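Just below is one structure, and these are the notes that go with it.
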Amino acid sequence: MTRLGAIRKHWRIGLFVALIVVSAAVLFLPTFAPGDATTGDPAARTGPTNLQFGLDLSGGTRIRAPLAGLTAEGLAVEQGQGTEIESTIARELGIDARDVNAYPGEGENEGTIELTTDEVSESEFRAALEAAGYDVGEDAIRQGVTERTVDEAVEVLEEKLRESPFAAGEVRKSTASTGQQFVVVEVPGQDRESVIDLIEDRGVVEVVATYPEGDGYGRTTVIEQDDIQSVGQPEDEPPYGPHVSITLTEEGAQEFATTMQERGFTDEGIYACDWEENPDDPGYCLLTTVDGEVVYSANMGEDLAASIESGDYVNSRNFVMTGESIDDVRTLRVNLLAGATPAPLDVEAGTQYYLEPSLAEDFKLYSLVTGLISVVAVAGVVAVRYGRPRVAVPMILTAGTEVFLLLGFAAAVGYPLDLAAIAGFIAVVGTGVDDLIIIADEILQEGDVSTGRVFESRFRKAFWVIGAAAATTIVAMSPLAFMSLGDLTGFALFTIVGVLIGVLVTRPAYGDILRVLLTRS
């Protein structure tokens, strides 16, 4: 057989070896932290590998809580009516208009109005809606907020974690069987009080105007935190491109418009900001600051200046801030919210979990011991069952290698391993060896396999059986992997990935290894 023919015949073994090498590189080679990419400093690692660990194996706090609020659905909310509706309902309830959101729908009665506060009862909300002209049915109001508000809260908390000392934390949303949505915050190594303090902490956001004054320039705060009624979702639509809209309160809009006129922004200050190039002499700029740090600089636009001069702006109270990309305006939006979630997180109504780091280290050790015991037990059964090293040794090594490849996958995607994921690893060992036994028995049960043609026929028959079993496992595990069912997700995910690695790589490679060892062609 030519060298090219041998490569073609045993390419699956080559793929198997290549994946082992890649997994080893991902697991053990130094990686770089995203924040240190420019300096090249290696990322801090908690051990000899690049594996990350969840709360079960590292300790820390998990908080799973709903966002407090009320939502009325199936209402007629037309485009452009949102601000007026929000103001009307806020007046009826005596709350801040920023705690009311009115979203138009695609159909006549598909709009939604939500309250993002825990200070209003359902009956009070119903009365306010009726005063605003809505006939609200018995089932029209539900506890909780809209999905877009939950997504926004997750985004805000993710940004807060990235900027905090707890950057290894994770934020996600979770949906209960009843349809209620929760925000889940996990922070390894931190106690409950530290995590709650982080969630509830809010910076101070201001928009500061700079303008020429005498031989230098003046600074005046034109928008404070309480002046912002709402911050819209990031959009990338004409004519502005990537932008986010800001609506001010009535008082805030009036003060903003007056200051802009008095300081010359609506005249010589149009498109006259030079902050990026010359911060010592910036000209006419609108600077967004969080805790005193400038995070965004903007010009006075021609359309906004004309609106202020004509008096129309005080009625609309809305303007936009643009960015170079949609990611820029997402970051701007988070800064404008200054770390405040769009609705309060009802921590007391949720669940809280804290695990001591010392106990988590014990769990990590016990998981390793359990995994080793399962591999040794399987190896012993295989050795007794076959008693032929040429069959048993490759089988044991292949099963162990599947676990190694799964560890490489976990390190590559940054999945934090927990006890559920470890259970998935053990399940993969069991199902993997089961499939390898099917292959070995099918090939050996009818005697001599000295020729490649006989071997290939028997292997193909066995592979159909394990392929059907793998498909069944994947279908059974998919709901657990993709339905936000908490700890079960890790178990299902690693079982599915392990089965796919087995069917596509390791079991075909095991077949090729047996072919080399048992046949002459």
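Numbering starts fresh at 1 for the residues of each chain in the structure tokens, the chains themselves are lettered A, B, ... in the order given, and ligands are numbered from 1 as they appear.
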Give the helix (DSSP H, G or I) residues of range 15-264 of chain A, as DSSP finds them on the backbone, and put them as a ChimeraX atom specification.
/A:15-28,34-36,55-58,82-93,97-99,122-131,147-163,192-200,225-227,250-262
Could you produce a table of the residues of range 345-386 of chain A lying within 12 Å of range 114-135 of chain A, with the nearest pair of atoms per residue and their separation in Å rounded to one decimal, using only C-alpha atoms, ordered by chain and increasing residue number, as a tab-separated table?
```
residue	atom	partner	partner_atom	distance
A:Leu345	CA	A:Asp118	CA	9.5
A:Asp346	CA	A:Asp118	CA	8.6
A:Ala349	CA	A:Asp118	CA	11.9
```
Could you list, as a list in words, every residue within 12 Å of Tyr313 in chain A, counting only C-alpha atoms and ignoring same-chain residues fewer than 2 positions away?
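Surrounding residues, per the criterion: Thr247, Leu248, Thr249, Glu250, Gly252, Ala253, Gln254, Glu255, Phe256, Ala257, Thr258, Met260, Asp303, Leu304, Ala305, Ala306, Ser307, Ile308, Glu309, Ser310, Gly311, Asn315, Ser316, Arg317, Asn318 and Phe319 of chain A.
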Expected file contents, prior selection, N, CA, C and O atoms, as a CSV table (one decimal), in the first residue's frame:
```
chain,number,residue,atom,x,y,z
A,247,THR,N,-35.0,60.6,26.4
A,247,THR,CA,-36.1,61.4,26.7
A,247,THR,C,-36.0,62.0,28.1
A,247,THR,O,-35.7,61.3,29.1
A,248,LEU,N,-36.1,63.3,28.2
A,248,LEU,CA,-35.9,64.0,29.5
A,248,LEU,C,-37.3,64.3,30.1
A,248,LEU,O,-38.3,64.2,29.4
A,249,THR,N,-37.2,64.6,31.4
A,249,THR,CA,-38.4,65.0,32.1
A,249,THR,C,-38.8,66.4,31.6
A,249,THR,O,-38.0,67.1,31.0
A,250,GLU,N,-40.0,66.8,31.9
A,250,GLU,CA,-40.5,68.1,31.4
A,250,GLU,C,-39.5,69.2,32.0
A,250,GLU,O,-39.1,70.1,31.3
A,252,GLY,N,-36.5,68.9,33.2
A,252,GLY,CA,-35.1,68.7,32.7
A,252,GLY,C,-35.0,69.2,31.3
A,252,GLY,O,-34.0,69.8,30.9
A,253,ALA,N,-36.0,69.0,30.4
A,253,ALA,CA,-36.0,69.4,29.1
A,253,ALA,C,-36.0,70.9,29.0
A,253,ALA,O,-35.3,71.5,28.2
A,254,GLN,N,-36.8,71.6,29.8
A,254,GLN,CA,-36.9,73.0,29.8
A,254,GLN,C,-35.5,73.6,30.2
A,254,GLN,O,-35.0,74.6,29.6
A,255,GLU,N,-34.9,73.1,31.3
A,255,GLU,CA,-33.6,73.6,31.7
A,255,GLU,C,-32.5,73.4,30.7
A,255,GLU,O,-31.7,74.2,30.4
A,256,PHE,N,-32.6,72.2,30.1
A,256,PHE,CA,-31.6,71.9,29.0
A,256,PHE,C,-31.7,72.9,27.9
A,256,PHE,O,-30.7,73.4,27.4
A,257,ALA,N,-32.9,73.1,27.4
A,257,ALA,CA,-33.1,74.0,26.2
A,257,ALA,C,-32.7,75.4,26.6
A,257,ALA,O,-32.0,76.1,25.7
A,258,THR,N,-33.0,75.9,27.8
A,258,THR,CA,-32.6,77.2,28.2
A,258,THR,C,-31.1,77.4,28.2
A,258,THR,O,-30.5,78.4,27.7
A,260,MET,N,-28.8,75.6,26.6
A,260,MET,CA,-28.2,75.5,25.3
A,260,MET,C,-28.3,76.8,24.6
A,260,MET,O,-27.4,77.2,23.8
A,303,ASP,N,-30.3,69.7,13.7
A,303,ASP,CA,-31.7,69.5,13.8
A,303,ASP,C,-32.2,69.8,15.3
A,303,ASP,O,-33.2,70.4,15.5
A,304,LEU,N,-31.3,69.3,16.3
A,304,LEU,CA,-31.7,69.5,17.7
A,304,LEU,C,-31.6,71.0,18.0
A,304,LEU,O,-32.5,71.6,18.7
A,305,ALA,N,-30.6,71.7,17.4
A,305,ALA,CA,-30.5,73.2,17.6
A,305,ALA,C,-31.8,73.9,17.1
A,305,ALA,O,-32.3,74.8,17.8
A,306,ALA,N,-32.2,73.5,15.9
A,306,ALA,CA,-33.4,74.2,15.3
A,306,ALA,C,-34.6,73.9,16.2
A,306,ALA,O,-35.5,74.7,16.3
A,307,SER,N,-34.7,72.6,16.7
A,307,SER,CA,-35.9,72.3,17.5
A,307,SER,C,-35.9,73.1,18.8
A,307,SER,O,-37.0,73.5,19.2
A,308,ILE,N,-34.7,73.3,19.4
A,308,ILE,CA,-34.7,74.1,20.6
A,308,ILE,C,-35.0,75.5,20.3
A,308,ILE,O,-35.8,76.2,21.1
A,309,GLU,N,-34.5,76.1,19.3
A,309,GLU,CA,-34.8,77.5,18.9
A,309,GLU,C,-36.3,77.7,18.6
A,309,GLU,O,-36.9,78.8,19.0
A,310,SER,N,-36.9,76.8,18.0
A,310,SER,CA,-38.4,76.9,17.7
A,310,SER,C,-39.3,76.6,18.9
A,310,SER,O,-40.5,76.9,18.8
A,311,GLY,N,-38.8,76.0,19.9
A,311,GLY,CA,-39.6,75.6,21.0
A,311,GLY,C,-40.2,74.3,20.9
A,311,GLY,O,-40.8,73.8,21.9
A,315,ASN,N,-41.6,70.2,23.9
A,315,ASN,CA,-42.8,69.3,23.8
A,315,ASN,C,-42.4,67.9,23.6
A,315,ASN,O,-42.9,67.0,24.1
A,316,SER,N,-41.4,67.6,22.7
A,316,SER,CA,-41.0,66.3,22.4
A,316,SER,C,-40.0,65.7,23.5
A,316,SER,O,-40.1,64.5,23.8
A,317,ARG,N,-39.1,66.6,24.0
A,317,ARG,CA,-38.2,66.2,25.1
A,317,ARG,C,-37.3,65.1,24.7
A,317,ARG,O,-36.7,64.4,25.6
A,318,ASN,N,-37.1,64.9,23.4
A,318,ASN,CA,-36.3,63.7,23.0
A,318,ASN,C,-35.2,64.1,22.0
A,318,ASN,O,-35.3,65.0,21.2
A,319,PHE,N,-34.0,63.5,22.2
A,319,PHE,CA,-32.9,63.7,21.3
A,319,PHE,C,-32.1,62.4,21.2
A,319,PHE,O,-32.3,61.5,22.0
```
Mind checking which residues fall within 9 Å of Ala462 in chain A, counting only C-alpha atoms, ignoring those fewer than 5 positions away in the same chain, and posting them as a PyMOL selection string?
chain A and resi 435+438-443+457+467
Which neighbours of range 410-420 of chain A fall inside 7 Å, counting only C-alpha atoms, when residues of the same chain fewer than 2 positions from it are skipped, and could you give them as a list of chain:residue names?
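Contacts, in chain order: A:Val26, A:Leu27, A:Asn50, A:Leu51, A:Gln52, A:Phe53, A:Gly54, A:Leu55, A:Asp56, A:Leu57, A:Leu406, A:Leu407, A:Gly408, A:Ile422, A:Ala423, A:Gly424, A:Asp487, A:Leu488, A:Gly490, A:Phe491.
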Hey, what's within 9 Å of Thr289 in chain A if we count only C-alpha atoms and toss same-chain stuff fewer than 5 positions away? As a tab-separated table (two decimals) with N, CA, C and O atoms, in the first residue's frame, please?
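Wrote around.tsv, looks like this:
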```tsv
chain	number	residue	atom	x	y	z
A	204	VAL	N	-23.04	57.90	39.31
A	204	VAL	CA	-23.66	59.21	39.11
A	204	VAL	C	-23.41	59.62	37.67
A	204	VAL	O	-22.27	59.80	37.24
A	205	VAL	N	-24.49	59.76	36.88
A	205	VAL	CA	-24.36	60.12	35.48
A	205	VAL	C	-24.80	61.58	35.29
A	205	VAL	O	-25.79	62.02	35.86
A	206	GLU	N	-24.03	62.30	34.49
A	206	GLU	CA	-24.35	63.70	34.18
A	206	GLU	C	-23.94	63.98	32.74
A	206	GLU	O	-23.04	63.32	32.20
A	207	VAL	N	-24.61	64.95	32.13
A	207	VAL	CA	-24.17	65.49	30.85
A	207	VAL	C	-23.69	66.91	31.12
A	207	VAL	O	-24.45	67.75	31.62
A	208	VAL	N	-22.43	67.15	30.82
A	208	VAL	CA	-21.79	68.43	31.12
A	208	VAL	C	-21.54	69.17	29.80
A	208	VAL	O	-21.01	68.59	28.84
A	294	VAL	N	-15.31	61.19	31.88
A	294	VAL	CA	-15.94	61.39	30.58
A	294	VAL	C	-15.96	60.06	29.82
A	294	VAL	O	-14.91	59.43	29.60
A	295	VAL	N	-17.14	59.62	29.43
A	295	VAL	CA	-17.29	58.36	28.69
A	295	VAL	C	-17.78	58.58	27.27
A	295	VAL	O	-17.76	57.66	26.45
A	296	TYR	N	-18.20	59.82	26.95
A	296	TYR	CA	-18.74	60.08	25.61
A	296	TYR	C	-18.77	61.58	25.38
A	296	TYR	O	-19.10	62.36	26.27
A	335	ASN	N	-23.82	53.26	30.07
A	335	ASN	CA	-23.26	54.37	30.84
A	335	ASN	C	-24.35	55.36	31.27
A	335	ASN	O	-24.32	55.89	32.38
A	336	LEU	N	-25.30	55.62	30.37
A	336	LEU	CA	-26.39	56.53	30.72
A	336	LEU	C	-27.25	55.98	31.85
A	336	LEU	O	-27.77	56.72	32.68
```
Could you name the residues that touch Gly269 in chain A at 10 Å or less, counting only C-alpha atoms, but leaving out those on the same chain fewer than 6 positions away, as a PyMOL selection string?
chain A and resi 211-212+260-261+263+283-285+299-302+305
Nearest to Val184 in chain A among A:Gly371, A:Pro104, A:Pro66, A:Gly218, with distances taken over only C-alpha atoms: which residue is it?
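Counting only C-alpha atoms, the residue closest to Val184 in chain A is A:Pro66.
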Nearest residue to Leu286 in chain A out of A:Met321, A:Val375, A:Val314, A:Ala360, using only C-alpha atoms?
A:Met321
Judged by only C-alpha atoms, the minimum distance to Pro357 in chain A among A:Asp191, A:Ala469, A:Thr149, A:Glu456 is found for A:Asp191
DSSP on the backbone: what in range 279-411 of chain A comes out strand (DSSP E), as a list in words?
Cys285, Leu286, Leu287, Thr288, Thr289, Val290, Glu293, Val294, Val295, Tyr296, Ser297, Ala298, Asn318, Phe319, Val320, Met321, Thr322, Thr351, Gln352, Tyr353, Tyr354 and Leu355 of chain A
